[in-house]
Each structure stands twice: as structure tokens, then as C-alpha cells.
$ cat input08.cif   # mmCIF, C-alpha atoms
data_upload
#
loop_
_atom_site.group_PDB
_atom_site.id
_atom_site.type_symbol
_atom_site.label_atom_id
_atom_site.label_comp_id
_atom_site.auth_asym_id
_atom_site.auth_seq_id
_atom_site.Cartn_x
_atom_site.Cartn_y
_atom_site.Cartn_z
ATOM 1 C CA MET A 1 -18.065 -40.880 -42.337
ATOM 2 C CA ARG A 2 -19.374 -38.907 -45.333
ATOM 3 C CA CYS A 3 -21.706 -36.633 -43.366
ATOM 4 C CA GLY A 4 -19.283 -33.835 -42.487
ATOM 5 C CA ARG A 5 -19.980 -32.183 -39.149
ATOM 6 C CA LEU A 6 -22.905 -34.509 -38.488
ATOM 7 C CA VAL A 7 -20.287 -37.144 -37.663
ATOM 8 C CA GLN A 8 -19.098 -35.000 -34.767
ATOM 9 C CA GLN A 9 -22.682 -34.547 -33.576
ATOM 10 C CA TYR A 10 -23.209 -38.303 -33.720
ATOM 11 C CA ILE A 11 -20.036 -38.986 -31.700
ATOM 12 C CA VAL A 12 -20.966 -36.392 -29.061
ATOM 13 C CA ASP A 13 -24.488 -37.822 -28.722
ATOM 14 C CA ALA A 14 -23.129 -41.365 -28.439
ATOM 15 C CA TYR A 15 -20.658 -40.381 -25.730
ATOM 16 C CA ALA A 16 -23.347 -38.445 -23.848
ATOM 17 C CA ALA A 17 -25.505 -41.587 -23.850
ATOM 18 C CA ILE A 18 -22.616 -43.701 -22.545
ATOM 19 C CA GLU A 19 -21.804 -41.215 -19.797
ATOM 20 C CA GLN A 20 -25.458 -41.019 -18.764
ATOM 21 C CA SER A 21 -25.555 -44.803 -18.516
ATOM 22 C CA ARG A 22 -22.518 -44.753 -16.220
ATOM 23 C CA LEU A 23 -24.070 -42.038 -14.049
ATOM 24 C CA ASN A 24 -27.314 -44.018 -13.769
ATOM 25 C CA TYR A 25 -25.353 -47.064 -12.596
ATOM 26 C CA LEU A 26 -23.530 -45.015 -9.956
ATOM 27 C CA ARG A 27 -26.782 -43.460 -8.740
ATOM 28 C CA ARG A 28 -28.486 -46.859 -8.358
ATOM 29 C CA ASN A 29 -25.537 -48.590 -6.699
ATOM 30 C CA GLN A 30 -24.374 -46.049 -4.125
ATOM 31 C CA LYS A 31 -24.533 -48.542 -1.260
ATOM 32 C CA LYS A 32 -22.281 -50.987 -3.124
ATOM 33 C CA LEU A 33 -19.792 -48.328 -4.137
ATOM 34 C CA ARG A 34 -19.497 -46.457 -0.851
ATOM 35 C CA ALA A 35 -16.366 -47.247 1.157
ATOM 36 C CA ASP A 36 -15.131 -46.248 4.586
ATOM 37 C CA LEU A 37 -13.210 -43.450 2.914
ATOM 38 C CA TYR A 38 -16.473 -41.804 1.795
ATOM 39 C CA GLN A 39 -17.532 -39.994 4.946
ATOM 40 C CA GLY A 40 -20.937 -38.466 4.397
ATOM 41 C CA LEU A 41 -20.483 -35.491 6.717
ATOM 42 C CA GLN A 42 -17.051 -34.631 5.356
ATOM 43 C CA ASP A 43 -18.250 -34.906 1.751
ATOM 44 C CA THR A 44 -21.188 -32.648 2.506
ATOM 45 C CA LEU A 45 -19.025 -29.961 4.112
ATOM 46 C CA GLU A 46 -16.463 -30.074 1.306
ATOM 47 C CA ALA A 47 -19.269 -29.503 -1.205
ATOM 48 C CA GLY A 48 -20.285 -26.370 0.699
ATOM 49 C CA ASP A 49 -23.658 -27.830 1.627
ATOM 50 C CA THR A 50 -24.375 -26.894 5.265
ATOM 51 C CA ASP A 51 -27.949 -28.214 5.219
ATOM 52 C CA THR A 52 -27.776 -31.415 7.294
ATOM 53 C CA THR A 53 -31.159 -32.578 5.987
ATOM 54 C CA THR A 54 -29.447 -33.525 2.719
ATOM 55 C CA LEU A 55 -26.866 -35.692 4.502
ATOM 56 C CA GLY A 56 -26.697 -39.133 2.922
ATOM 57 C CA THR A 57 -28.742 -38.139 -0.121
ATOM 58 C CA ARG A 58 -25.902 -36.824 -2.270
ATOM 59 C CA ILE A 59 -24.506 -39.061 -4.989
ATOM 60 C CA VAL A 60 -20.800 -39.777 -4.542
ATOM 61 C CA LEU A 61 -18.810 -40.213 -7.761
ATOM 62 C CA PRO A 62 -15.891 -42.642 -7.265
ATOM 63 C CA SER A 63 -12.437 -41.913 -8.622
ATOM 64 C CA SER A 64 -13.100 -44.392 -11.440
ATOM 65 C CA PHE A 65 -15.586 -41.945 -13.030
ATOM 66 C CA THR A 66 -13.647 -39.956 -15.622
ATOM 67 C CA GLY A 67 -13.842 -36.212 -15.031
ATOM 68 C CA GLY A 68 -15.256 -36.425 -11.529
ATOM 69 C CA PRO A 69 -13.733 -34.513 -8.582
ATOM 70 C CA ARG A 70 -12.166 -37.655 -7.047
ATOM 71 C CA PHE A 71 -10.792 -38.637 -10.448
ATOM 72 C CA MET A 72 -9.057 -35.256 -10.819
ATOM 73 C CA VAL A 73 -7.756 -35.230 -7.233
ATOM 74 C CA GLN A 74 -6.353 -38.726 -7.678
ATOM 75 C CA LEU A 75 -4.471 -37.713 -10.821
ATOM 76 C CA TYR A 76 -3.130 -34.636 -9.062
ATOM 77 C CA GLN A 77 -1.936 -36.679 -6.095
ATOM 78 C CA ASP A 78 -0.284 -39.184 -8.448
ATOM 79 C CA ALA A 79 1.559 -36.366 -10.226
ATOM 80 C CA MET A 80 2.736 -34.881 -6.920
ATOM 81 C CA ALA A 81 3.903 -38.313 -5.753
ATOM 82 C CA ILE A 82 5.938 -38.731 -8.956
ATOM 83 C CA CYS A 83 7.614 -35.357 -8.369
ATOM 84 C CA ARG A 84 8.350 -36.196 -4.728
ATOM 85 C CA SER A 85 9.914 -39.496 -5.754
ATOM 86 C CA PHE A 86 11.867 -38.518 -8.879
ATOM 87 C CA GLY A 87 12.406 -34.779 -8.538
ATOM 88 C CA LEU A 88 11.095 -31.671 -10.261
ATOM 89 C CA PRO A 89 10.344 -31.470 -14.023
ATOM 90 C CA SER A 90 13.028 -30.334 -16.427
ATOM 91 C CA TYR A 91 11.135 -29.662 -19.677
ATOM 92 C CA PHE A 92 7.556 -28.786 -20.571
ATOM 93 C CA ILE A 93 6.459 -29.900 -24.049
ATOM 94 C CA THR A 94 3.210 -29.122 -25.847
ATOM 95 C CA PHE A 95 2.594 -31.403 -28.824
ATOM 96 C CA THR A 96 -0.314 -30.447 -31.120
ATOM 97 C CA CYS A 97 -1.799 -32.523 -33.922
ATOM 98 C CA ASN A 98 -1.099 -31.246 -37.452
ATOM 99 C CA PRO A 99 -4.152 -31.838 -39.712
ATOM 100 C CA ASN A 100 -1.867 -31.598 -42.756
ATOM 101 C CA TRP A 101 0.145 -34.689 -41.830
ATOM 102 C CA PRO A 102 0.360 -37.017 -44.872
ATOM 103 C CA ASP A 103 -0.935 -39.863 -42.680
ATOM 104 C CA ILE A 104 -4.220 -37.952 -42.332
ATOM 105 C CA GLN A 105 -4.484 -36.359 -45.751
ATOM 106 C CA ALA A 106 -3.893 -39.666 -47.565
ATOM 107 C CA GLU A 107 -7.021 -41.204 -45.991
ATOM 108 C CA LEU A 108 -9.449 -38.364 -46.758
ATOM 109 C CA ILE A 109 -11.923 -38.712 -49.608
ATOM 110 C CA LEU A 110 -12.841 -36.003 -52.118
ATOM 111 C CA ARG A 111 -13.867 -32.676 -50.509
ATOM 112 C CA GLN A 112 -13.349 -34.112 -47.028
ATOM 113 C CA THR A 113 -11.302 -32.288 -44.383
ATOM 114 C CA ALA A 114 -9.561 -33.491 -41.243
ATOM 115 C CA THR A 115 -12.313 -31.834 -39.193
ATOM 116 C CA ASN A 116 -14.808 -34.305 -40.644
ATOM 117 C CA ARG A 117 -12.772 -37.314 -39.470
ATOM 118 C CA PRO A 118 -12.115 -36.985 -35.723
ATOM 119 C CA ASP A 119 -11.600 -40.756 -35.538
ATOM 120 C CA LEU A 120 -8.743 -40.605 -38.034
ATOM 121 C CA VAL A 121 -7.182 -37.515 -36.440
ATOM 122 C CA THR A 122 -7.130 -39.007 -32.944
ATOM 123 C CA ARG A 123 -5.700 -42.337 -34.123
ATOM 124 C CA VAL A 124 -2.855 -40.718 -36.044
ATOM 125 C CA PHE A 125 -2.128 -38.343 -33.166
ATOM 126 C CA ARG A 126 -1.989 -41.231 -30.698
ATOM 127 C CA MET A 127 0.505 -43.122 -32.873
ATOM 128 C CA LYS A 128 2.762 -40.092 -33.139
ATOM 129 C CA LEU A 129 2.423 -39.380 -29.416
ATOM 130 C CA LEU A 130 3.614 -42.909 -28.642
ATOM 131 C CA VAL A 131 6.649 -42.320 -30.885
ATOM 132 C CA LEU A 132 7.335 -39.018 -29.123
ATOM 133 C CA MET A 133 7.173 -40.663 -25.696
ATOM 134 C CA LYS A 134 9.601 -43.330 -26.925
ATOM 135 C CA ASP A 135 11.989 -40.590 -28.084
ATOM 136 C CA LEU A 136 11.803 -38.891 -24.698
ATOM 137 C CA MET A 137 11.894 -41.942 -22.422
ATOM 138 C CA LYS A 138 13.906 -44.609 -24.249
ATOM 139 C CA ASP A 139 15.953 -42.713 -26.830
ATOM 140 C CA GLU A 140 16.655 -39.911 -24.302
ATOM 141 C CA VAL A 141 16.493 -36.947 -26.673
ATOM 142 C CA PHE A 142 17.044 -34.505 -23.799
ATOM 143 C CA GLY A 143 19.035 -36.894 -21.641
ATOM 144 C CA PRO A 144 18.304 -39.765 -19.235
ATOM 145 C CA THR A 145 14.631 -39.376 -18.321
ATOM 146 C CA VAL A 146 13.454 -40.986 -15.100
ATOM 147 C CA ALA A 147 9.748 -40.076 -15.207
ATOM 148 C CA GLN A 148 7.106 -38.254 -17.233
ATOM 149 C CA ILE A 149 3.627 -36.856 -16.713
ATOM 150 C CA HIS A 150 1.339 -36.030 -19.614
ATOM 151 C CA VAL A 151 -2.286 -35.160 -20.289
ATOM 152 C CA ILE A 152 -4.193 -35.093 -23.596
ATOM 153 C CA GLU A 153 -6.633 -32.282 -24.333
ATOM 154 C CA PHE A 154 -8.696 -31.136 -27.288
ATOM 155 C CA GLN A 155 -8.563 -27.595 -28.576
ATOM 156 C CA LYS A 156 -11.706 -25.652 -29.421
ATOM 157 C CA ARG A 157 -11.245 -26.491 -33.086
ATOM 158 C CA GLY A 158 -11.090 -30.183 -32.266
ATOM 159 C CA LEU A 159 -7.376 -30.948 -32.638
ATOM 160 C CA PRO A 160 -5.890 -33.106 -29.875
ATOM 161 C CA HIS A 161 -2.737 -31.953 -28.136
ATOM 162 C CA ALA A 162 -0.655 -33.229 -25.254
ATOM 163 C CA HIS A 163 1.019 -31.386 -22.383
ATOM 164 C CA ILE A 164 4.099 -33.308 -21.268
ATOM 165 C CA LEU A 165 6.423 -32.869 -18.295
ATOM 166 C CA ILE A 166 9.650 -34.876 -18.269
ATOM 167 C CA ILE A 167 11.978 -35.326 -15.316
ATOM 168 C CA LEU A 168 15.680 -35.800 -16.060
ATOM 169 C CA LYS A 169 18.361 -37.121 -13.798
ATOM 170 C CA PRO A 170 19.677 -34.238 -11.647
ATOM 171 C CA GLU A 171 23.076 -34.133 -13.340
ATOM 172 C CA PHE A 172 21.442 -33.691 -16.774
ATOM 173 C CA ARG A 173 19.098 -30.833 -15.874
ATOM 174 C CA PRO A 174 19.630 -27.622 -17.894
ATOM 175 C CA THR A 175 20.880 -25.082 -15.372
ATOM 176 C CA THR A 176 22.797 -22.593 -17.540
ATOM 177 C CA PRO A 177 21.825 -20.492 -20.581
ATOM 178 C CA ALA A 178 24.329 -22.427 -22.714
ATOM 179 C CA GLN A 179 22.655 -25.736 -21.844
ATOM 180 C CA ILE A 180 19.236 -24.288 -22.648
ATOM 181 C CA ASP A 181 20.470 -23.024 -26.042
ATOM 182 C CA MET A 182 21.641 -26.538 -26.914
ATOM 183 C CA ALA A 183 18.100 -27.896 -26.557
ATOM 184 C CA ILE A 184 15.779 -24.985 -27.380
ATOM 185 C CA LEU A 185 15.766 -22.362 -30.129
ATOM 186 C CA ALA A 186 13.523 -19.328 -30.589
ATOM 187 C CA LYS A 187 14.493 -18.070 -34.022
ATOM 188 C CA LEU A 188 13.625 -18.333 -37.676
ATOM 189 C CA PRO A 189 16.117 -20.615 -39.423
ATOM 190 C CA ASP A 190 18.158 -19.075 -42.213
ATOM 191 C CA PRO A 191 16.741 -20.538 -45.475
ATOM 192 C CA GLU A 192 20.190 -20.250 -47.088
ATOM 193 C CA MET A 193 22.244 -21.760 -44.247
ATOM 194 C CA ASP A 194 19.839 -24.154 -42.506
ATOM 195 C CA PRO A 195 17.993 -27.102 -44.089
ATOM 196 C CA LYS A 196 14.914 -26.193 -46.115
ATOM 197 C CA TRP A 197 12.633 -28.430 -44.007
ATOM 198 C CA MET A 198 13.601 -26.536 -40.867
ATOM 199 C CA PHE A 199 12.573 -23.149 -42.235
ATOM 200 C CA GLU A 200 9.299 -24.508 -43.638
ATOM 201 C CA THR A 201 8.327 -26.293 -40.414
ATOM 202 C CA VAL A 202 9.136 -23.343 -38.154
ATOM 203 C CA SER A 203 7.473 -20.766 -40.419
ATOM 204 C CA LYS A 204 4.282 -22.849 -40.734
ATOM 205 C CA CYS A 205 3.959 -24.451 -37.293
ATOM 206 C CA MET A 206 6.007 -22.485 -34.754
ATOM 207 C CA MET A 207 4.925 -18.884 -35.340
ATOM 208 C CA HIS A 208 2.553 -17.255 -32.852
ATOM 209 C CA GLY A 209 -0.120 -14.968 -34.215
ATOM 210 C CA PRO A 210 -0.322 -12.571 -35.763
ATOM 211 C CA CYS A 211 -2.213 -10.771 -33.012
ATOM 212 C CA GLY A 212 -2.262 -7.336 -31.458
ATOM 213 C CA SER A 213 -3.957 -4.186 -32.691
ATOM 214 C CA ALA A 214 -4.118 -5.499 -36.271
ATOM 215 C CA PHE A 215 -5.924 -8.677 -35.104
ATOM 216 C CA PRO A 216 -7.982 -7.687 -32.031
ATOM 217 C CA ASN A 217 -10.184 -10.792 -32.376
ATOM 218 C CA ALA A 218 -7.304 -13.271 -32.160
ATOM 219 C CA PRO A 219 -7.953 -16.064 -29.608
ATOM 220 C CA CYS A 220 -4.978 -15.000 -27.468
ATOM 221 C CA MET A 221 -6.114 -11.384 -27.082
ATOM 222 C CA GLN A 222 -7.273 -10.345 -23.600
ATOM 223 C CA ASP A 223 -7.859 -6.753 -22.494
ATOM 224 C CA GLY A 224 -6.282 -5.450 -25.686
ATOM 225 C CA ARG A 225 -3.017 -7.392 -25.396
ATOM 226 C CA CYS A 226 -1.648 -10.855 -26.143
ATOM 227 C CA SER A 227 -2.128 -13.168 -23.163
ATOM 228 C CA LYS A 228 0.953 -15.149 -24.260
ATOM 229 C CA GLY A 229 3.223 -12.121 -24.179
ATOM 230 C CA TYR A 230 3.938 -11.859 -27.910
ATOM 231 C CA PRO A 231 5.765 -10.273 -29.547
ATOM 232 C CA ARG A 232 8.680 -11.016 -27.213
ATOM 233 C CA PRO A 233 11.591 -8.540 -27.128
ATOM 234 C CA PHE A 234 14.823 -9.202 -28.996
ATOM 235 C CA ARG A 235 17.624 -10.689 -26.856
ATOM 236 C CA ASN A 236 21.224 -11.368 -27.755
ATOM 237 C CA GLU A 237 21.646 -14.067 -25.103
ATOM 238 C CA THR A 238 19.453 -16.450 -23.110
ATOM 239 C CA SER A 239 18.876 -15.537 -19.471
ATOM 240 C CA LEU A 240 16.506 -16.181 -16.559
ATOM 241 C CA ASP A 241 14.277 -13.485 -15.103
ATOM 242 C CA GLU A 242 13.689 -12.838 -11.397
ATOM 243 C CA ASN A 243 10.812 -15.343 -11.333
ATOM 244 C CA GLY A 244 12.854 -18.134 -12.883
ATOM 245 C CA TYR A 245 11.286 -17.987 -16.346
ATOM 246 C CA PRO A 246 13.752 -18.531 -19.216
ATOM 247 C CA LEU A 247 14.171 -15.605 -21.609
ATOM 248 C CA TYR A 248 15.331 -17.230 -24.818
ATOM 249 C CA ARG A 249 17.831 -15.754 -27.244
ATOM 250 C CA ARG A 250 16.023 -13.858 -30.026
ATOM 251 C CA ARG A 251 18.490 -11.932 -32.122
ATOM 252 C CA ASP A 252 17.422 -9.340 -34.668
ATOM 253 C CA ASN A 253 18.933 -10.982 -37.755
ATOM 254 C CA GLY A 254 16.510 -9.448 -40.240
ATOM 255 C CA LEU A 255 14.765 -12.736 -41.096
ATOM 256 C CA LYS A 256 10.996 -12.503 -41.553
ATOM 257 C CA VAL A 257 8.154 -14.707 -42.732
ATOM 258 C CA LEU A 258 4.768 -13.694 -44.111
ATOM 259 C CA VAL A 259 1.833 -15.031 -42.037
ATOM 260 C CA LYS A 260 -1.732 -13.949 -42.876
ATOM 261 C CA GLY A 261 -0.399 -10.932 -44.721
ATOM 262 C CA VAL A 262 1.824 -9.783 -41.833
ATOM 263 C CA GLU A 263 5.622 -10.058 -41.691
ATOM 264 C CA LEU A 264 6.745 -11.775 -38.473
ATOM 265 C CA ASP A 265 10.319 -11.950 -37.171
ATOM 266 C CA ASN A 266 12.087 -13.779 -34.333
ATOM 267 C CA ARG A 267 9.965 -12.025 -31.712
ATOM 268 C CA TRP A 268 7.015 -14.201 -32.772
ATOM 269 C CA VAL A 269 8.743 -17.599 -32.792
ATOM 270 C CA VAL A 270 7.476 -20.172 -30.271
ATOM 271 C CA PRO A 271 10.446 -21.967 -28.586
ATOM 272 C CA TYR A 272 11.140 -25.354 -30.157
ATOM 273 C CA ASN A 273 13.587 -28.233 -30.306
ATOM 274 C CA PRO A 274 15.005 -28.647 -33.861
ATOM 275 C CA TYR A 275 15.122 -32.444 -33.751
ATOM 276 C CA LEU A 276 11.509 -32.834 -32.632
ATOM 277 C CA CYS A 277 10.298 -30.234 -35.143
ATOM 278 C CA LYS A 278 12.010 -32.086 -37.967
ATOM 279 C CA LYS A 279 10.692 -35.493 -36.965
ATOM 280 C CA PHE A 280 7.066 -34.600 -36.261
ATOM 281 C CA ASN A 281 6.525 -31.627 -38.604
ATOM 282 C CA GLY A 282 4.046 -29.932 -36.316
ATOM 283 C CA HIS A 283 3.615 -27.495 -33.454
ATOM 284 C CA ILE A 284 5.715 -28.880 -30.626
ATOM 285 C CA ASN A 285 6.544 -26.137 -28.143
ATOM 286 C CA THR A 286 9.470 -26.955 -25.843
ATOM 287 C CA GLU A 287 10.146 -24.977 -22.683
ATOM 288 C CA SER A 288 12.915 -25.306 -20.113
ATOM 289 C CA ILE A 289 11.700 -25.233 -16.504
ATOM 290 C CA ASP A 290 14.029 -23.594 -14.019
ATOM 291 C CA ILE A 291 14.357 -25.517 -10.753
ATOM 292 C CA HIS A 292 13.633 -22.387 -8.670
ATOM 293 C CA LEU A 293 10.429 -21.807 -10.649
ATOM 294 C CA CYS A 294 9.371 -25.418 -10.005
ATOM 295 C CA ARG A 295 9.774 -24.923 -6.292
ATOM 296 C CA GLN A 296 7.696 -21.742 -6.371
ATOM 297 C CA ILE A 297 4.899 -23.472 -8.328
ATOM 298 C CA SER A 298 4.901 -26.517 -6.048
ATOM 299 C CA VAL A 299 4.628 -24.311 -2.955
ATOM 300 C CA GLN A 300 1.764 -22.291 -4.474
ATOM 301 C CA VAL A 301 -0.130 -25.432 -5.517
ATOM 302 C CA HIS A 302 0.378 -26.927 -2.057
ATOM 303 C CA LEU A 303 -0.944 -23.806 -0.387
#
$ encode --input "input08.cif" --output "C-alpha cells"
Amino acid sequence: MRCGRLVQQYIVDAYAAIEQSRLNYLRRNQKKLRADLYQGLQDTLEAGDTDTTTLGTRIVLPSSFTGGPRFMVQLYQDAMAICRSFGLPSYFITFTCNPNWPDIQAELILRQTATNRPDLVTRVFRMKLLVLMKDLMKDEVFGPTVAQIHVIEFQKRGLPHAHILIILKPEFRPTTPAQIDMAILAKLPDPEMDPKWMFETVSKCMMHGPCGSAFPNAPCMQDGRCSKGYPRPFRNETSLDENGYPLYRRRDNGLKVLVKGVELDNRWVVPYNPYLCKKFNGHINTESIDIHLCRQISVQVHL
């Protein structure tokens, strides 16, 4: 744990060895693993292989193999079944690990960074994710929640983050701009009127960019513009566009914060829930999902 980036190389090599061992087992035990559901001709056609001489020679990965095509299809079908049973999602939450959490920093030795301790980062993130799920499911931060779907990913810089969909009871779904404003804000808190923690958390964790012409090499830049649509225009009131996407209230109140030498205002704030920002002190983007937008997405995915 004192070898810096070599620790990451060691972990990657160890996992690669484990995965290769699993693949070798599947390759040597195809006859035991094959079921009636695995139809050789159908599997061959789905793979785009029209050469019948290879029929029966392909290796079929069962749904128990993490990352395989059947594994992904099974998860997708499970998610669709949850939506069919409980209804469409109400909120989309992205929760990202904060390497500056005291729980992580307190365990680092001299000249060690969070990047050098992926084991510590993932353990702390998992503990906080469990607390977040308890807040959403049991404590009902947004209202009575009947179901949730979430997936954990790792960013290019190694930080874990979770994408979460929660499904509320129909009568508690946000359907008006006023209801959305009660749960989601897209503004810089006033350091004189709002609590100090709120301004510090939003200014450090909930600001997008800077990007644009001044930062053409920013990760979000594609074809000379921000792929996330920042900076967003100022708006006096929350509304929904023709596609069902919420356009959050972003008033021009003159508040700005300095990020990487650039002054950013409310147009650069990532939508957030104040309670969750306060509790977890990290990037936790909260988006309201319009029911009409959900229907459009579900139809497109089905097609």
C-alpha cells in the first residue's frame, strides 16, 4: 500500500488473472453449462456469424459471467420488469465519491493520495452509498419510494460513482415546477443568507467546468462545445421544454465563485438537492424526470 500507482497495476493484474481463470473454466465446461435456452443456431445468427461451419464451436458465456452479453441483457430485463411493475422513475441521482472526505484523508499516510488507495476509496464510497440508499428508501427524502435501480461505475480518474433511479408512489411524483423547486436547486447559495456549509459544498462540488473556448481540452468538450450544455441560460422560473426535460430556475442574482481562475455564476451550477449535499459533502447531481420523457425513452429503448 506504499507503492503509489504500482498498487493499481497490481490490482488490475490480479483481477485479470481471476477473470482469465473464470473464462478458462467456462471454455472447458461448455457441455455442463449449456441449457435448452442456449440454441446454437440462434446464438450464431445473433453474433452475426453466417458461417455454419463454426456452429457449435463458439463459447457461450452464461449470464453469471460479469460483463458478458447475457449478463447485461439480464440486468436490462430486470430493470424493465421493475418499471413495468412499479411505474416510471421519478428522480435520477448521480453520486460521486469525494476524495477529500475526512474518512479517506484520515487513513492516508505521509505523501499518500486517495488515488494510491483504491481499496480505501471504494470501501468508504460503499458505506456512504448504503447510507444514501437508506435515506432514499427508508427515510423517504423525496417521498415514499417503492423501487430503485442503481449501477456503480468508475470514472477515468478512478473515482467510483453511482447512477440511481428511484420510483415514487404516483401521488408523490413531481409534476409541477413548484414541486420540482422544492426538491432541486440550480443556484449558488448566498453566503450571507444561507448556511456557510451550503455555499462551500456547492462551490466546490456542484460547479460544472470551466469549459468552453477558454478550456478547449476540458473532458466535456466535443466539436468545440460543451457536451453537457453548459453554461445554461438564466431562467426566472422552472419549466419543461417540448421534449419533457426540466429547465431549472437559474436567476441572475450576481453571485459568482472563482473556479480555476474563472468566475462562474448560476449558469454553471449542476442541479442538486440541498439536504443530500449537506449530508454527503460531495457531487450528488439530482434530476427530476418528467413522466412524458420517461415514456419517450422507454419506447425508444424498446424499439
$ residues_around --input "input08.cif" --residues "range 210-224 of chain A" --least-positions-apart "2" --cutoff "8 Å" --atoms "only C-alpha atoms" --output "ChimeraX atom specification"
/A:208,226-228,259-260,262,264
$ write_last_selection --input "input08.cif" --atoms "C-alpha atoms" --output "mmCIF file, in the frame of the given file"
data_model
loop_
_atom_site.group_PDB
_atom_site.id
_atom_site.type_symbol
_atom_site.label_atom_id
_atom_site.label_comp_id
_atom_site.auth_asym_id
_atom_site.auth_seq_id
_atom_site.Cartn_x
_atom_site.Cartn_y
_atom_site.Cartn_z
ATOM 1 C CA HIS A 208 2.553 -17.255 -32.852
ATOM 2 C CA CYS A 226 -1.648 -10.855 -26.143
ATOM 3 C CA SER A 227 -2.128 -13.168 -23.163
ATOM 4 C CA LYS A 228 0.953 -15.149 -24.260
ATOM 5 C CA VAL A 259 1.833 -15.031 -42.037
ATOM 6 C CA LYS A 260 -1.732 -13.949 -42.876
ATOM 7 C CA VAL A 262 1.824 -9.783 -41.833
ATOM 8 C CA LEU A 264 6.745 -11.775 -38.473
#
$ residues_around --input "input08.cif" --residues "range 196-207 of chain A" --least-positions-apart "5" --cutoff "12 Å" --atoms "only C-alpha atoms" --output "JSON, numbers by chain"
{"A": [94, 95, 96, 97, 98, 99, 100, 101, 185, 186, 187, 188, 189, 190, 191, 230, 231, 232, 255, 256, 257, 258, 259, 260, 262, 263, 264, 265, 266, 267, 268, 269, 270, 271, 272, 273, 274, 275, 276, 277, 278, 279, 280, 281, 282, 283, 284, 285, 286]}
$ atom_distance --input "input08.cif" --atom1 "CA of Pro62 in chain A" --atom2 "CA of Ala79 in chain A"
18.8 Å
$ residues_around --input "input08.cif" --residues "range 149-156 of chain A" --least-positions-apart "5" --cutoff "9 Å" --atoms "only C-alpha atoms" --output "list of chain:residue names"
A:Ala79, A:Ile82, A:His161, A:Ala162, A:His163, A:Ile164, A:Leu165, A:Ile166, A:Ile167
$ atom_distance --input "input08.cif" --atom1 "CA of Ala147 in chain A" --atom2 "CA of Thr176 in chain A"
21.9 Å
$ resolve_selection --input "input08.cif" --expression "the PyMOL selection byres ((chain A and resi 170) around 12)" --output "PDB file with C-alpha atoms, in the frame of the given file"
ATOM      1  CA  PHE A  86      11.867 -38.518  -8.879  1.00  0.00           C
ATOM      2  CA  GLY A  87      12.406 -34.779  -8.538  1.00  0.00           C
ATOM      3  CA  LEU A  88      11.095 -31.671 -10.261  1.00  0.00           C
ATOM      4  CA  PRO A  89      10.344 -31.470 -14.023  1.00  0.00           C
ATOM      5  CA  SER A  90      13.028 -30.334 -16.427  1.00  0.00           C
ATOM      6  CA  GLY A 143      19.035 -36.894 -21.641  1.00  0.00           C
ATOM      7  CA  PRO A 144      18.304 -39.765 -19.235  1.00  0.00           C
ATOM      8  CA  THR A 145      14.631 -39.376 -18.321  1.00  0.00           C
ATOM      9  CA  VAL A 146      13.454 -40.986 -15.100  1.00  0.00           C
ATOM     10  CA  ILE A 167      11.978 -35.326 -15.316  1.00  0.00           C
ATOM     11  CA  LEU A 168      15.680 -35.800 -16.060  1.00  0.00           C
ATOM     12  CA  LYS A 169      18.361 -37.121 -13.798  1.00  0.00           C
ATOM     13  CA  GLU A 171      23.076 -34.133 -13.340  1.00  0.00           C
ATOM     14  CA  PHE A 172      21.442 -33.691 -16.774  1.00  0.00           C
ATOM     15  CA  ARG A 173      19.098 -30.833 -15.874  1.00  0.00           C
ATOM     16  CA  PRO A 174      19.630 -27.622 -17.894  1.00  0.00           C
ATOM     17  CA  THR A 175      20.880 -25.082 -15.372  1.00  0.00           C
ATOM     18  CA  ILE A 291      14.357 -25.517 -10.753  1.00  0.00           C
TER      19      ILE A 291
END
$ atom_distance --input "input08.cif" --atom1 "CA of Arg235 in chain A" --atom2 "CA of Leu247 in chain A"
8.0 Å
$ axis_aligned_box --input "input08.cif" --around "range 222-232 of chain A" --padding-each-side "5 Å" --output "AutoDock Vina command-line options"
--center_x 0.4 --center_y -10.3 --center_z -26.0 --size_x 26.5 --size_y 19.7 --size_z 17.1
$ closest_residue --input "input08.cif" --among "A:Leu159, A:Lys32, A:Pro246, A:Ala16" --to "Asp119 in chain A" --atoms "only C-alpha atoms"
A:Leu159
$ resolve_selection --input "input08.cif" --expression "the PyMOL selection byres ((chain A and resi 237) around 12)" --output "ChimeraX atom specification"
/A:176-178,180-181,185-186,233-236,238-240,246-252
$ resolve_selection --input "input08.cif" --expression "the PyMOL selection byres ((chain A and resi 26) around 12)" --output "list in words"
Glu19, Gln20, Ser21, Arg22, Leu23, Asn24, Tyr25, Arg27, Arg28, Asn29, Gln30, Lys31, Lys32, Leu33, Arg34, Arg58, Ile59, Val60, Leu61, Pro62, Ser63, Ser64 and Phe65 of chain A
